Amino acid sequence: MGQLLSFLYRFRAFFTFLLFELICVWLIVRHNDYQRSSFSNATADVVGSVNETSDNIADYFSLKKVNKELAAENARLRSLILSEETFPIDSLSQFLIEEDTTDSVHFELIPAEVVRNSIRNVNNFFMLNKGSNDGIEAGMGVMNSLGVVGKIRDVRGNFAQGISLLNTRNPISARHQISGRMGTILWEGTNPKYAQLQYLTPDVQVLPGDTIVTSSFNSIFPKDIMLGTVVSSAPDRNNTYLNIQVELSVDFGSLSYVYVIKNIYKEEQDSLINSTPMIQQ
Amino acid sequence: MSKHSILLVVSYIFLMAVQVLLFRNFVILQVGFGFVYLLFLLSLPTEVGFNMGMLLAFISAIIIDLFYQTTGIHASAAVFLMFVRPFWLKTVVPRSGYEVNDMMTISNYGLVWFLGYATPLVFAYCCIVFFVEAGTINIFWNTITKTVVSTVITVAFIVFTQYLFYPKSKY
């Protein structure tokens with residue numbers, strides 16, 4: 001016993017080292033579970049408010065660019081309004097009144113500001129200045145006027161943390177718009193401008209410039225949200241799939257204002273999928 | 001230890017604030033991260049033993065982790081750095097030996113010695129941070145570029161900070 005104690009005492013530095021490293025490994029492994037909560041209640045508010053303050057200062061330097069983006073989006077929305085038919089030519093259509101207007105609303109958008117965003121790590125995250133108080137829940141999709149940004153991973157009262165599309169563990173169901181074929185968009189971890197489109201077979205003709213959008217195969221994103229455009233495409237070594245390089249439409253380096261997508265029928269959709277597991281995959 | 005406690009506390013607060021508020025927002029050349037807070041850990045006097053050193057490293061790196069959203073990765077690297085440091089200090093003893101209670105800074109031991117002492121430790125730190133974060137060796141060259149560039153930038157900023165803000169040489 002005495003020998004054991006003296007052994008422990010002699011190598012106490014090493015054992016302390018092991019102890020600390022074990023704590024760290026535990027933290028890393030726990031954090032690795034990307035769909036689950038990551039930041040603790042106690043620290044979330046402090047980290048969030050420091051992020052918000054430093055973002056407030058940084059905001060002034062990008063005002064011009066943000067203004068341009070918002071103006072462009074306003075113009076786009078205005079043109080959408082104008083393209084709606086206001087005067088029906090056929091008088092019959094005047095009587096086509098929807099019974100319940102809530103039926104026609106499937107997705108609701110909650111505007112939020114990005115207070116923290118990283119793009120140079122291998123697994124990037126972002127933080128929004130709105131949380132559960134504004135109706136944001138874990139698992140919701142995030143987009144901006146240019147396209148898909150990521151998913152919400154964890155929420156607190158006034159802040160939400162999201163997994164960026166620039167995360168090697170965040171695959172997103174995608175569709176090649178011209179052929180309609182499904183694939184998966186996954187970031188490789190190096191260049192924040194490009195991602196890889198996987199699982200498209202070589203019989204599909206994919207050309208540079210083709211549009212890649214979200215598929216309707218998930219309850220997170222509405223279909224046909226822009227993801228990016230094809231830059232290059234070549235069959236892989238075994239000729240089973242295509243290696244498709246996609247230029248992302250969102251400029252992650254200057255992410256400022258985003259929309260959180262609330263799917264009103266998510267529960268319904270998910271419970272149906274869970275009760276009939278064949279549909280998954 | 002007591003002689004330098006004020007400098008240590010002030011430099012700790014200053015370096016952590018600069019790291020979180022300033023350096024976190026800049027990634028130089030798209031691959032170079034600056035971990036300037038390591039200066040605090042590197043400059044601790046030898047009297048700070050293994051356990052105290054590792055505890056300080058753990059606490060400060062966990063704070064950094066919270067802001068970098070990389071829970072545990074910086075902490076493991078910093079604890080490793082402080083575990084290796086005493087052995088490394090024995091290997092790179094300057095010709096005059098270490099003075100009791102002296103901080104491990106340029107003003108006490110000279111620029112050449114400091115570079116030889118700090119660079120391998122910072123390199124080891126960056127290696128752990130980037131390889132654990134990548135979690136794969138598929139993007140080996142990208143990771144190793146990040147490691148090397150970040151090491152150079154971190155060491156450069158650590159040296160500049162000492163010339164700008166630390167007490168000048170007593171000789």
# chains A, B, ... in the order shown; residues from 1 in each chain; ligands from 1

call {"tool": "residues_around", "arguments": {"residues": "region 254-265 of chain A", "least_positions_apart": "4", "cutoff": "8 Å", "atoms": "only C-alpha atoms", "output": "number ranges by chain"}}
result
A: 66, 105-115, 117, 136, 140-145, 219-221, 269

call {"tool": "write_last_selection", "arguments": {"atoms": "N, CA, C and O atoms", "output": "compact mmCIF listing (two decimals), in the first residue's frame"}}
result
# COMPACT_ATOMS: atom_id res chain seq x y z
N VAL A 66 -24.19 45.21 -46.04
CA VAL A 66 -25.47 44.71 -45.56
C VAL A 66 -26.61 45.48 -46.20
O VAL A 66 -27.60 44.91 -46.64
N VAL A 105 -50.07 28.26 -45.53
CA VAL A 105 -48.77 28.61 -44.96
C VAL A 105 -48.10 27.35 -44.44
O VAL A 105 -48.66 26.65 -43.60
N HIS A 106 -46.97 27.04 -44.99
CA HIS A 106 -46.27 25.82 -44.58
C HIS A 106 -45.01 26.16 -43.80
O HIS A 106 -44.66 25.52 -42.83
N PHE A 107 -44.34 27.20 -44.23
CA PHE A 107 -43.10 27.60 -43.58
C PHE A 107 -43.20 29.04 -43.10
O PHE A 107 -43.77 29.88 -43.78
N GLU A 108 -42.64 29.27 -41.92
CA GLU A 108 -42.64 30.61 -41.37
C GLU A 108 -41.19 31.03 -41.21
O GLU A 108 -40.34 30.23 -40.81
N LEU A 109 -40.87 32.28 -41.54
CA LEU A 109 -39.48 32.72 -41.44
C LEU A 109 -39.30 33.65 -40.24
O LEU A 109 -40.07 34.59 -40.06
N ILE A 110 -38.29 33.38 -39.42
CA ILE A 110 -38.00 34.24 -38.28
C ILE A 110 -36.67 34.94 -38.57
O ILE A 110 -35.64 34.28 -38.71
N PRO A 111 -36.67 36.27 -38.70
CA PRO A 111 -35.40 36.95 -38.99
C PRO A 111 -34.49 36.99 -37.77
O PRO A 111 -34.96 37.08 -36.64
N ALA A 112 -33.19 36.86 -37.98
CA ALA A 112 -32.23 36.90 -36.87
C ALA A 112 -30.91 37.45 -37.40
O ALA A 112 -30.68 37.50 -38.61
N GLU A 113 -30.06 37.85 -36.47
CA GLU A 113 -28.75 38.36 -36.86
C GLU A 113 -27.67 37.39 -36.39
O GLU A 113 -27.75 36.85 -35.28
N VAL A 114 -26.66 37.17 -37.23
CA VAL A 114 -25.55 36.30 -36.85
C VAL A 114 -24.59 37.10 -35.97
O VAL A 114 -24.10 38.14 -36.39
N VAL A 115 -24.37 36.64 -34.75
CA VAL A 115 -23.44 37.37 -33.88
C VAL A 115 -22.08 36.70 -33.82
O VAL A 115 -21.12 37.27 -33.32
N ASN A 117 -19.63 33.80 -36.19
CA ASN A 117 -19.56 32.87 -37.29
C ASN A 117 -18.11 32.53 -37.55
O ASN A 117 -17.25 33.40 -37.52
N ILE A 136 -37.58 29.94 -31.75
CA ILE A 136 -36.60 29.11 -32.46
C ILE A 136 -36.41 27.80 -31.69
O ILE A 136 -36.34 27.80 -30.46
N MET A 140 -34.20 23.42 -36.63
CA MET A 140 -34.77 24.26 -37.70
C MET A 140 -33.69 24.62 -38.71
O MET A 140 -32.51 24.71 -38.38
N GLY A 141 -34.08 24.87 -39.93
CA GLY A 141 -33.13 25.26 -40.95
C GLY A 141 -32.86 26.76 -40.91
O GLY A 141 -33.67 27.53 -40.39
N VAL A 142 -31.70 27.17 -41.44
CA VAL A 142 -31.35 28.59 -41.49
C VAL A 142 -30.95 28.92 -42.92
O VAL A 142 -30.18 28.20 -43.55
N MET A 143 -31.50 30.02 -43.44
CA MET A 143 -31.12 30.46 -44.78
C MET A 143 -30.99 31.98 -44.79
O MET A 143 -31.42 32.65 -43.85
N ASN A 144 -30.37 32.51 -45.84
CA ASN A 144 -30.46 33.95 -46.05
C ASN A 144 -30.93 34.19 -47.48
O ASN A 144 -31.36 33.25 -48.14
N SER A 145 -30.87 35.43 -47.94
CA SER A 145 -31.47 35.71 -49.24
C SER A 145 -30.75 34.97 -50.37
O SER A 145 -31.30 34.80 -51.44
N SER A 219 -37.72 17.61 -43.62
CA SER A 219 -38.71 18.52 -43.04
C SER A 219 -38.07 19.80 -42.55
O SER A 219 -38.70 20.60 -41.88
N ILE A 220 -36.78 19.99 -42.87
CA ILE A 220 -36.06 21.16 -42.35
C ILE A 220 -36.15 22.32 -43.34
O ILE A 220 -36.50 23.43 -42.98
N PHE A 221 -35.82 22.04 -44.60
CA PHE A 221 -35.82 23.10 -45.61
C PHE A 221 -36.99 22.92 -46.58
O PHE A 221 -37.33 21.81 -46.93
N GLN A 269 -44.98 15.65 -40.06
CA GLN A 269 -44.14 14.99 -41.06
C GLN A 269 -43.20 13.98 -40.41
O GLN A 269 -43.08 12.85 -40.87

call {"tool": "residues_around", "arguments": {"residues": "region 65-78 of chain B", "least_positions_apart": "6", "cutoff": "10 Å", "atoms": "only C-alpha atoms", "output": "PDB file with N, CA, C and O atoms, in the first residue's frame"}}
result
ATOM      1  N   PHE A  17      -1.842  15.143 -15.143  1.00  0.00           N
ATOM      2  CA  PHE A  17      -1.898  15.347 -16.595  1.00  0.00           C
ATOM      3  C   PHE A  17      -2.957  14.431 -17.205  1.00  0.00           C
ATOM      4  O   PHE A  17      -3.807  14.871 -17.974  1.00  0.00           O
ATOM      5  N   PHE A  20      -6.512  15.636 -16.351  1.00  0.00           N
ATOM      6  CA  PHE A  20      -6.960  16.781 -17.160  1.00  0.00           C
ATOM      7  C   PHE A  20      -7.265  16.351 -18.586  1.00  0.00           C
ATOM      8  O   PHE A  20      -8.255  16.759 -19.184  1.00  0.00           O
ATOM      9  N   GLU A  21      -6.389  15.502 -19.138  1.00  0.00           N
ATOM     10  CA  GLU A  21      -6.598  15.080 -20.522  1.00  0.00           C
ATOM     11  C   GLU A  21      -7.877  14.254 -20.658  1.00  0.00           C
ATOM     12  O   GLU A  21      -8.581  14.353 -21.649  1.00  0.00           O
ATOM     13  N   LEU A  22      -8.158  13.450 -19.627  1.00  0.00           N
ATOM     14  CA  LEU A  22      -9.400  12.660 -19.669  1.00  0.00           C
ATOM     15  C   LEU A  22     -10.623  13.575 -19.682  1.00  0.00           C
ATOM     16  O   LEU A  22     -11.570  13.346 -20.442  1.00  0.00           O
ATOM     17  N   ILE A  23     -10.560  14.626 -18.849  1.00  0.00           N
ATOM     18  CA  ILE A  23     -11.669  15.597 -18.848  1.00  0.00           C
ATOM     19  C   ILE A  23     -11.830  16.190 -20.245  1.00  0.00           C
ATOM     20  O   ILE A  23     -12.931  16.291 -20.780  1.00  0.00           O
ATOM     21  N   CYS A  24     -10.673  16.563 -20.845  1.00  0.00           N
ATOM     22  CA  CYS A  24     -10.719  17.190 -22.174  1.00  0.00           C
ATOM     23  C   CYS A  24     -11.297  16.231 -23.202  1.00  0.00           C
ATOM     24  O   CYS A  24     -12.139  16.611 -24.023  1.00  0.00           O
ATOM     25  N   VAL A  25     -10.833  14.971 -23.165  1.00  0.00           N
ATOM     26  CA  VAL A  25     -11.325  13.988 -24.138  1.00  0.00           C
ATOM     27  C   VAL A  25     -12.823  13.796 -23.958  1.00  0.00           C
ATOM     28  O   VAL A  25     -13.584  13.740 -24.936  1.00  0.00           O
ATOM     29  N   TRP A  26     -13.245  13.750 -22.713  1.00  0.00           N
ATOM     30  CA  TRP A  26     -14.688  13.622 -22.448  1.00  0.00           C
ATOM     31  C   TRP A  26     -15.465  14.788 -23.052  1.00  0.00           C
ATOM     32  O   TRP A  26     -16.499  14.610 -23.693  1.00  0.00           O
ATOM     33  N   LEU A  27     -14.908  16.016 -22.860  1.00  0.00           N
ATOM     34  CA  LEU A  27     -15.558  17.205 -23.422  1.00  0.00           C
ATOM     35  C   LEU A  27     -15.612  17.128 -24.939  1.00  0.00           C
ATOM     36  O   LEU A  27     -16.633  17.422 -25.551  1.00  0.00           O
ATOM     37  N   ILE A  28     -14.486  16.731 -25.547  1.00  0.00           N
ATOM     38  CA  ILE A  28     -14.419  16.683 -27.011  1.00  0.00           C
ATOM     39  C   ILE A  28     -15.421  15.665 -27.543  1.00  0.00           C
ATOM     40  O   ILE A  28     -16.170  15.933 -28.484  1.00  0.00           O
ATOM     41  N   VAL A  29     -15.459  14.484 -26.905  1.00  0.00           N
ATOM     42  CA  VAL A  29     -16.348  13.425 -27.391  1.00  0.00           C
ATOM     43  C   VAL A  29     -17.804  13.839 -27.230  1.00  0.00           C
ATOM     44  O   VAL A  29     -18.627  13.645 -28.114  1.00  0.00           O
ATOM     45  N   ARG A  30     -18.098  14.477 -26.093  1.00  0.00           N
ATOM     46  CA  ARG A  30     -19.469  14.897 -25.862  1.00  0.00           C
ATOM     47  C   ARG A  30     -19.875  15.950 -26.896  1.00  0.00           C
ATOM     48  O   ARG A  30     -20.985  15.973 -27.389  1.00  0.00           O
ATOM     49  N   HIS A  31     -18.910  16.828 -27.208  1.00  0.00           N
ATOM     50  CA  HIS A  31     -19.156  17.900 -28.170  1.00  0.00           C
ATOM     51  C   HIS A  31     -19.311  17.337 -29.580  1.00  0.00           C
ATOM     52  O   HIS A  31     -19.922  17.926 -30.444  1.00  0.00           O
ATOM     53  N   ASN A  32     -18.710  16.150 -29.803  1.00  0.00           N
ATOM     54  CA  ASN A  32     -18.727  15.540 -31.128  1.00  0.00           C
ATOM     55  C   ASN A  32     -20.114  15.152 -31.579  1.00  0.00           C
ATOM     56  O   ASN A  32     -20.374  15.037 -32.765  1.00  0.00           O
ATOM     57  N   SER A  38     -24.638  21.704 -26.800  1.00  0.00           N
ATOM     58  CA  SER A  38     -23.198  21.857 -26.758  1.00  0.00           C
ATOM     59  C   SER A  38     -22.754  22.855 -25.710  1.00  0.00           C
ATOM     60  O   SER A  38     -21.786  22.638 -25.019  1.00  0.00           O
ATOM     61  N   PHE A  39     -23.464  23.935 -25.580  1.00  0.00           N
ATOM     62  CA  PHE A  39     -22.982  24.908 -24.606  1.00  0.00           C
ATOM     63  C   PHE A  39     -23.884  24.925 -23.379  1.00  0.00           C
ATOM     64  O   PHE A  39     -25.091  24.803 -23.489  1.00  0.00           O
ATOM     65  N   SER A  40     -23.290  25.003 -22.230  1.00  0.00           N
ATOM     66  CA  SER A  40     -24.059  24.828 -21.006  1.00  0.00           C
ATOM     67  C   SER A  40     -24.821  26.112 -20.678  1.00  0.00           C
ATOM     68  O   SER A  40     -24.488  27.192 -21.137  1.00  0.00           O
ATOM     69  N   THR A  43     -22.748  29.186 -19.156  1.00  0.00           N
ATOM     70  CA  THR A  43     -21.829  29.982 -19.956  1.00  0.00           C
ATOM     71  C   THR A  43     -22.499  30.617 -21.162  1.00  0.00           C
ATOM     72  O   THR A  43     -21.981  31.574 -21.716  1.00  0.00           O
ATOM     73  N   ALA A  44     -23.659  30.070 -21.557  1.00  0.00           N
ATOM     74  CA  ALA A  44     -24.254  30.511 -22.814  1.00  0.00           C
ATOM     75  C   ALA A  44     -24.504  32.014 -22.840  1.00  0.00           C
ATOM     76  O   ALA A  44     -24.180  32.690 -23.815  1.00  0.00           O
ATOM     77  N   VAL A  46     -23.132  34.462 -21.016  1.00  0.00           N
ATOM     78  CA  VAL A  46     -21.907  35.258 -20.983  1.00  0.00           C
ATOM     79  C   VAL A  46     -21.264  35.268 -22.361  1.00  0.00           C
ATOM     80  O   VAL A  46     -20.972  36.333 -22.927  1.00  0.00           O
ATOM     81  N   VAL A  47     -21.055  34.061 -22.917  1.00  0.00           N
ATOM     82  CA  VAL A  47     -20.437  33.961 -24.235  1.00  0.00           C
ATOM     83  C   VAL A  47     -21.288  34.702 -25.269  1.00  0.00           C
ATOM     84  O   VAL A  47     -20.779  35.466 -26.086  1.00  0.00           O
ATOM     85  N   GLY A  48     -22.605  34.521 -25.176  1.00  0.00           N
ATOM     86  CA  GLY A  48     -23.498  35.172 -26.118  1.00  0.00           C
ATOM     87  C   GLY A  48     -23.405  36.673 -26.063  1.00  0.00           C
ATOM     88  O   GLY A  48     -23.329  37.332 -27.094  1.00  0.00           O
ATOM     89  N   VAL A  50     -20.918  38.563 -24.880  1.00  0.00           N
ATOM     90  CA  VAL A  50     -19.615  39.033 -25.366  1.00  0.00           C
ATOM     91  C   VAL A  50     -19.600  39.010 -26.892  1.00  0.00           C
ATOM     92  O   VAL A  50     -19.173  39.967 -27.544  1.00  0.00           O
ATOM     93  N   ASN A  51     -20.112  37.921 -27.460  1.00  0.00           N
ATOM     94  CA  ASN A  51     -20.180  37.823 -28.920  1.00  0.00           C
ATOM     95  C   ASN A  51     -21.003  38.949 -29.509  1.00  0.00           C
ATOM     96  O   ASN A  51     -20.646  39.543 -30.511  1.00  0.00           O
ATOM     97  N   ARG A 116     -21.994  35.477 -34.290  1.00  0.00           N
ATOM     98  CA  ARG A 116     -20.700  34.793 -34.282  1.00  0.00           C
ATOM     99  C   ARG A 116     -20.681  33.812 -35.436  1.00  0.00           C
ATOM    100  O   ARG A 116     -21.644  33.066 -35.623  1.00  0.00           O
ATOM    101  N   ASN A 117     -19.633  33.803 -36.185  1.00  0.00           N
ATOM    102  CA  ASN A 117     -19.556  32.867 -37.294  1.00  0.00           C
ATOM    103  C   ASN A 117     -18.105  32.530 -37.552  1.00  0.00           C
ATOM    104  O   ASN A 117     -17.248  33.398 -37.516  1.00  0.00           O
ATOM    105  N   SER A 118     -17.818  31.268 -37.771  1.00  0.00           N
ATOM    106  CA  SER A 118     -16.447  30.886 -38.123  1.00  0.00           C
ATOM    107  C   SER A 118     -16.482  30.198 -39.468  1.00  0.00           C
ATOM    108  O   SER A 118     -17.467  29.549 -39.823  1.00  0.00           O
ATOM    109  N   ASN A 121     -12.434  26.928 -39.566  1.00  0.00           N
ATOM    110  CA  ASN A 121     -12.236  25.653 -38.887  1.00  0.00           C
ATOM    111  C   ASN A 121     -12.720  24.526 -39.802  1.00  0.00           C
ATOM    112  O   ASN A 121     -13.285  24.771 -40.855  1.00  0.00           O
ATOM    113  N   ASN A 123     -14.857  22.200 -38.578  1.00  0.00           N
ATOM    114  CA  ASN A 123     -16.267  22.098 -38.218  1.00  0.00           C
ATOM    115  C   ASN A 123     -16.718  23.457 -37.703  1.00  0.00           C
ATOM    116  O   ASN A 123     -16.377  23.850 -36.598  1.00  0.00           O
ATOM    117  N   ASN A 124     -17.459  24.166 -38.548  1.00  0.00           N
ATOM    118  CA  ASN A 124     -17.811  25.548 -38.208  1.00  0.00           C
ATOM    119  C   ASN A 124     -19.213  25.654 -37.625  1.00  0.00           C
ATOM    120  O   ASN A 124     -20.096  24.888 -37.974  1.00  0.00           O
ATOM    121  N   PHE A 125     -19.370  26.626 -36.738  1.00  0.00           N
ATOM    122  CA  PHE A 125     -20.664  26.890 -36.125  1.00  0.00           C
ATOM    123  C   PHE A 125     -20.952  28.380 -36.216  1.00  0.00           C
ATOM    124  O   PHE A 125     -20.061  29.172 -36.464  1.00  0.00           O
ATOM    125  N   PHE A 126     -22.207  28.741 -35.993  1.00  0.00           N
ATOM    126  CA  PHE A 126     -22.534  30.162 -35.913  1.00  0.00           C
ATOM    127  C   PHE A 126     -23.493  30.364 -34.757  1.00  0.00           C
ATOM    128  O   PHE A 126     -24.075  29.408 -34.235  1.00  0.00           O
ATOM    129  N   MET A 127     -23.636  31.621 -34.335  1.00  0.00           N
ATOM    130  CA  MET A 127     -24.528  31.916 -33.229  1.00  0.00           C
ATOM    131  C   MET A 127     -25.478  33.033 -33.642  1.00  0.00           C
ATOM    132  O   MET A 127     -25.065  33.994 -34.293  1.00  0.00           O
ATOM    133  N   GLN A 161     -27.521  28.404 -31.271  1.00  0.00           N
ATOM    134  CA  GLN A 161     -26.290  28.008 -31.929  1.00  0.00           C
ATOM    135  C   GLN A 161     -26.633  27.119 -33.107  1.00  0.00           C
ATOM    136  O   GLN A 161     -27.521  26.267 -33.005  1.00  0.00           O
TER     137      GLN A 161
ATOM    138  N   GLN B  19      -7.084  37.983 -26.948  1.00  0.00           N
ATOM    139  CA  GLN B  19      -7.329  36.746 -27.684  1.00  0.00           C
ATOM    140  C   GLN B  19      -8.798  36.620 -28.088  1.00  0.00           C
ATOM    141  O   GLN B  19      -9.118  36.331 -29.233  1.00  0.00           O
ATOM    142  N   VAL B  20      -9.680  36.863 -27.112  1.00  0.00           N
ATOM    143  CA  VAL B  20     -11.108  36.637 -27.362  1.00  0.00           C
ATOM    144  C   VAL B  20     -11.706  37.732 -28.235  1.00  0.00           C
ATOM    145  O   VAL B  20     -12.491  37.467 -29.142  1.00  0.00           O
ATOM    146  N   LEU B  21     -11.326  38.989 -27.973  1.00  0.00           N
ATOM    147  CA  LEU B  21     -11.984  40.090 -28.669  1.00  0.00           C
ATOM    148  C   LEU B  21     -11.326  40.425 -29.995  1.00  0.00           C
ATOM    149  O   LEU B  21     -11.990  40.872 -30.921  1.00  0.00           O
ATOM    150  N   ARG B  24      -9.466  36.447 -32.279  1.00  0.00           N
ATOM    151  CA  ARG B  24     -10.453  35.474 -32.739  1.00  0.00           C
ATOM    152  C   ARG B  24     -11.051  35.902 -34.068  1.00  0.00           C
ATOM    153  O   ARG B  24     -11.498  35.073 -34.852  1.00  0.00           O
ATOM    154  N   LEU B  38      -1.016  32.191 -25.360  1.00  0.00           N
ATOM    155  CA  LEU B  38      -0.005  31.220 -24.928  1.00  0.00           C
ATOM    156  C   LEU B  38       1.179  31.904 -24.264  1.00  0.00           C
ATOM    157  O   LEU B  38       1.904  31.277 -23.492  1.00  0.00           O
ATOM    158  N   LEU B  41       1.126  31.432 -20.551  1.00  0.00           N
ATOM    159  CA  LEU B  41       1.548  30.102 -20.098  1.00  0.00           C
ATOM    160  C   LEU B  41       3.051  29.925 -20.269  1.00  0.00           C
ATOM    161  O   LEU B  41       3.743  29.389 -19.400  1.00  0.00           O
ATOM    162  N   GLY B  53       0.633  24.669 -13.077  1.00  0.00           N
ATOM    163  CA  GLY B  53       0.743  25.036 -14.485  1.00  0.00           C
ATOM    164  C   GLY B  53      -0.368  24.438 -15.311  1.00  0.00           C
ATOM    165  O   GLY B  53      -1.020  25.118 -16.112  1.00  0.00           O
ATOM    166  N   MET B  54      -0.621  23.131 -15.074  1.00  0.00           N
ATOM    167  CA  MET B  54      -1.644  22.461 -15.862  1.00  0.00           C
ATOM    168  C   MET B  54      -3.042  22.982 -15.520  1.00  0.00           C
ATOM    169  O   MET B  54      -3.896  23.100 -16.386  1.00  0.00           O
ATOM    170  N   LEU B  55      -3.227  23.301 -14.228  1.00  0.00           N
ATOM    171  CA  LEU B  55      -4.528  23.836 -13.820  1.00  0.00           C
ATOM    172  C   LEU B  55      -4.797  25.172 -14.507  1.00  0.00           C
ATOM    173  O   LEU B  55      -5.872  25.403 -15.075  1.00  0.00           O
ATOM    174  N   LEU B  56      -3.762  26.063 -14.474  1.00  0.00           N
ATOM    175  CA  LEU B  56      -3.905  27.366 -15.138  1.00  0.00           C
ATOM    176  C   LEU B  56      -4.163  27.184 -16.631  1.00  0.00           C
ATOM    177  O   LEU B  56      -5.034  27.853 -17.215  1.00  0.00           O
ATOM    178  N   ALA B  57      -3.421  26.270 -17.240  1.00  0.00           N
ATOM    179  CA  ALA B  57      -3.588  26.030 -18.677  1.00  0.00           C
ATOM    180  C   ALA B  57      -5.004  25.558 -18.968  1.00  0.00           C
ATOM    181  O   ALA B  57      -5.643  26.031 -19.905  1.00  0.00           O
ATOM    182  N   PHE B  58      -5.474  24.641 -18.129  1.00  0.00           N
ATOM    183  CA  PHE B  58      -6.807  24.079 -18.340  1.00  0.00           C
ATOM    184  C   PHE B  58      -7.875  25.167 -18.262  1.00  0.00           C
ATOM    185  O   PHE B  58      -8.719  25.297 -19.148  1.00  0.00           O
ATOM    186  N   ILE B  59      -7.787  26.001 -17.205  1.00  0.00           N
ATOM    187  CA  ILE B  59      -8.802  27.033 -17.012  1.00  0.00           C
ATOM    188  C   ILE B  59      -8.801  28.023 -18.173  1.00  0.00           C
ATOM    189  O   ILE B  59      -9.833  28.305 -18.781  1.00  0.00           O
ATOM    190  N   VAL B  84       4.610  19.240 -20.787  1.00  0.00           N
ATOM    191  CA  VAL B  84       5.904  19.048 -21.451  1.00  0.00           C
ATOM    192  C   VAL B  84       6.890  20.152 -21.090  1.00  0.00           C
ATOM    193  O   VAL B  84       8.099  19.928 -21.046  1.00  0.00           O
ATOM    194  N   LEU B 121       7.231  24.354 -28.628  1.00  0.00           N
ATOM    195  CA  LEU B 121       6.040  24.193 -27.777  1.00  0.00           C
ATOM    196  C   LEU B 121       4.791  24.682 -28.503  1.00  0.00           C
ATOM    197  O   LEU B 121       3.754  24.020 -28.499  1.00  0.00           O
ATOM    198  N   VAL B 122       4.906  25.859 -29.146  1.00  0.00           N
ATOM    199  CA  VAL B 122       3.753  26.394 -29.881  1.00  0.00           C
ATOM    200  C   VAL B 122       3.394  25.468 -31.038  1.00  0.00           C
ATOM    201  O   VAL B 122       2.219  25.218 -31.326  1.00  0.00           O
ATOM    202  N   ALA B 124       3.846  22.219 -31.177  1.00  0.00           N
ATOM    203  CA  ALA B 124       3.155  21.045 -30.626  1.00  0.00           C
ATOM    204  C   ALA B 124       1.709  21.396 -30.308  1.00  0.00           C
ATOM    205  O   ALA B 124       0.773  20.637 -30.614  1.00  0.00           O
ATOM    206  N   TYR B 125       1.510  22.581 -29.726  1.00  0.00           N
ATOM    207  CA  TYR B 125       0.156  23.034 -29.377  1.00  0.00           C
ATOM    208  C   TYR B 125      -0.727  23.115 -30.623  1.00  0.00           C
ATOM    209  O   TYR B 125      -1.835  22.562 -30.667  1.00  0.00           O
ATOM    210  N   CYS B 126      -0.198  23.784 -31.672  1.00  0.00           N
ATOM    211  CA  CYS B 126      -0.990  23.952 -32.902  1.00  0.00           C
ATOM    212  C   CYS B 126      -1.272  22.597 -33.546  1.00  0.00           C
ATOM    213  O   CYS B 126      -2.369  22.371 -34.072  1.00  0.00           O
ATOM    214  N   CYS B 127      -0.278  21.704 -33.522  1.00  0.00           N
ATOM    215  CA  CYS B 127      -0.462  20.353 -34.071  1.00  0.00           C
ATOM    216  C   CYS B 127      -1.671  19.688 -33.427  1.00  0.00           C
ATOM    217  O   CYS B 127      -2.570  19.193 -34.127  1.00  0.00           O
ATOM    218  N   ILE B 128      -1.687  19.680 -32.093  1.00  0.00           N
ATOM    219  CA  ILE B 128      -2.796  19.012 -31.394  1.00  0.00           C
ATOM    220  C   ILE B 128      -4.113  19.669 -31.760  1.00  0.00           C
ATOM    221  O   ILE B 128      -5.073  19.004 -32.132  1.00  0.00           O
ATOM    222  N   VAL B 129      -4.142  21.015 -31.688  1.00  0.00           N
ATOM    223  CA  VAL B 129      -5.401  21.725 -31.941  1.00  0.00           C
ATOM    224  C   VAL B 129      -5.949  21.382 -33.324  1.00  0.00           C
ATOM    225  O   VAL B 129      -7.100  20.982 -33.472  1.00  0.00           O
ATOM    226  N   PHE B 130      -5.097  21.493 -34.366  1.00  0.00           N
ATOM    227  CA  PHE B 130      -5.640  21.352 -35.717  1.00  0.00           C
ATOM    228  C   PHE B 130      -5.901  19.908 -36.100  1.00  0.00           C
ATOM    229  O   PHE B 130      -6.840  19.611 -36.824  1.00  0.00           O
ATOM    230  N   PHE B 131      -5.057  18.976 -35.611  1.00  0.00           N
ATOM    231  CA  PHE B 131      -5.299  17.586 -35.991  1.00  0.00           C
ATOM    232  C   PHE B 131      -6.492  16.997 -35.242  1.00  0.00           C
ATOM    233  O   PHE B 131      -7.272  16.238 -35.812  1.00  0.00           O
ATOM    234  N   VAL B 132      -6.648  17.353 -33.978  1.00  0.00           N
ATOM    235  CA  VAL B 132      -7.830  16.876 -33.251  1.00  0.00           C
ATOM    236  C   VAL B 132      -9.080  17.480 -33.866  1.00  0.00           C
ATOM    237  O   VAL B 132     -10.086  16.806 -34.052  1.00  0.00           O
ATOM    238  N   GLU B 133      -9.006  18.760 -34.238  1.00  0.00           N
ATOM    239  CA  GLU B 133     -10.172  19.407 -34.802  1.00  0.00           C
ATOM    240  C   GLU B 133     -10.548  18.800 -36.147  1.00  0.00           C
ATOM    241  O   GLU B 133     -11.729  18.582 -36.432  1.00  0.00           O
TER     242      GLU B 133
END

call {"tool": "select_by_dssp", "arguments": {"residues": "region 30-261 of chain A", "states": "strand (DSSP E)", "output": "PyMOL selection string"}}
result
chain A and resi 107-117+123-128+141-144+147-155+160-167+172-176+182-186+194-198+211-214+226-235+242-248+257-261

call {"tool": "residues_around", "arguments": {"residues": "Pro235 (chain A)", "least_positions_apart": "6", "cutoff": "12 Å", "atoms": "only C-alpha atoms", "output": "number ranges by chain"}}
result
A: 198-206, 241-245

call {"tool": "residues_around", "arguments": {"residues": "Ala138 (chain A)", "least_positions_apart": "2", "cutoff": "10 Å", "atoms": "only C-alpha atoms", "output": "VMD selection string"}}
result
chain A and resid 35 to 37 131 to 132 136 140 to 141 151 to 156 160 to 162
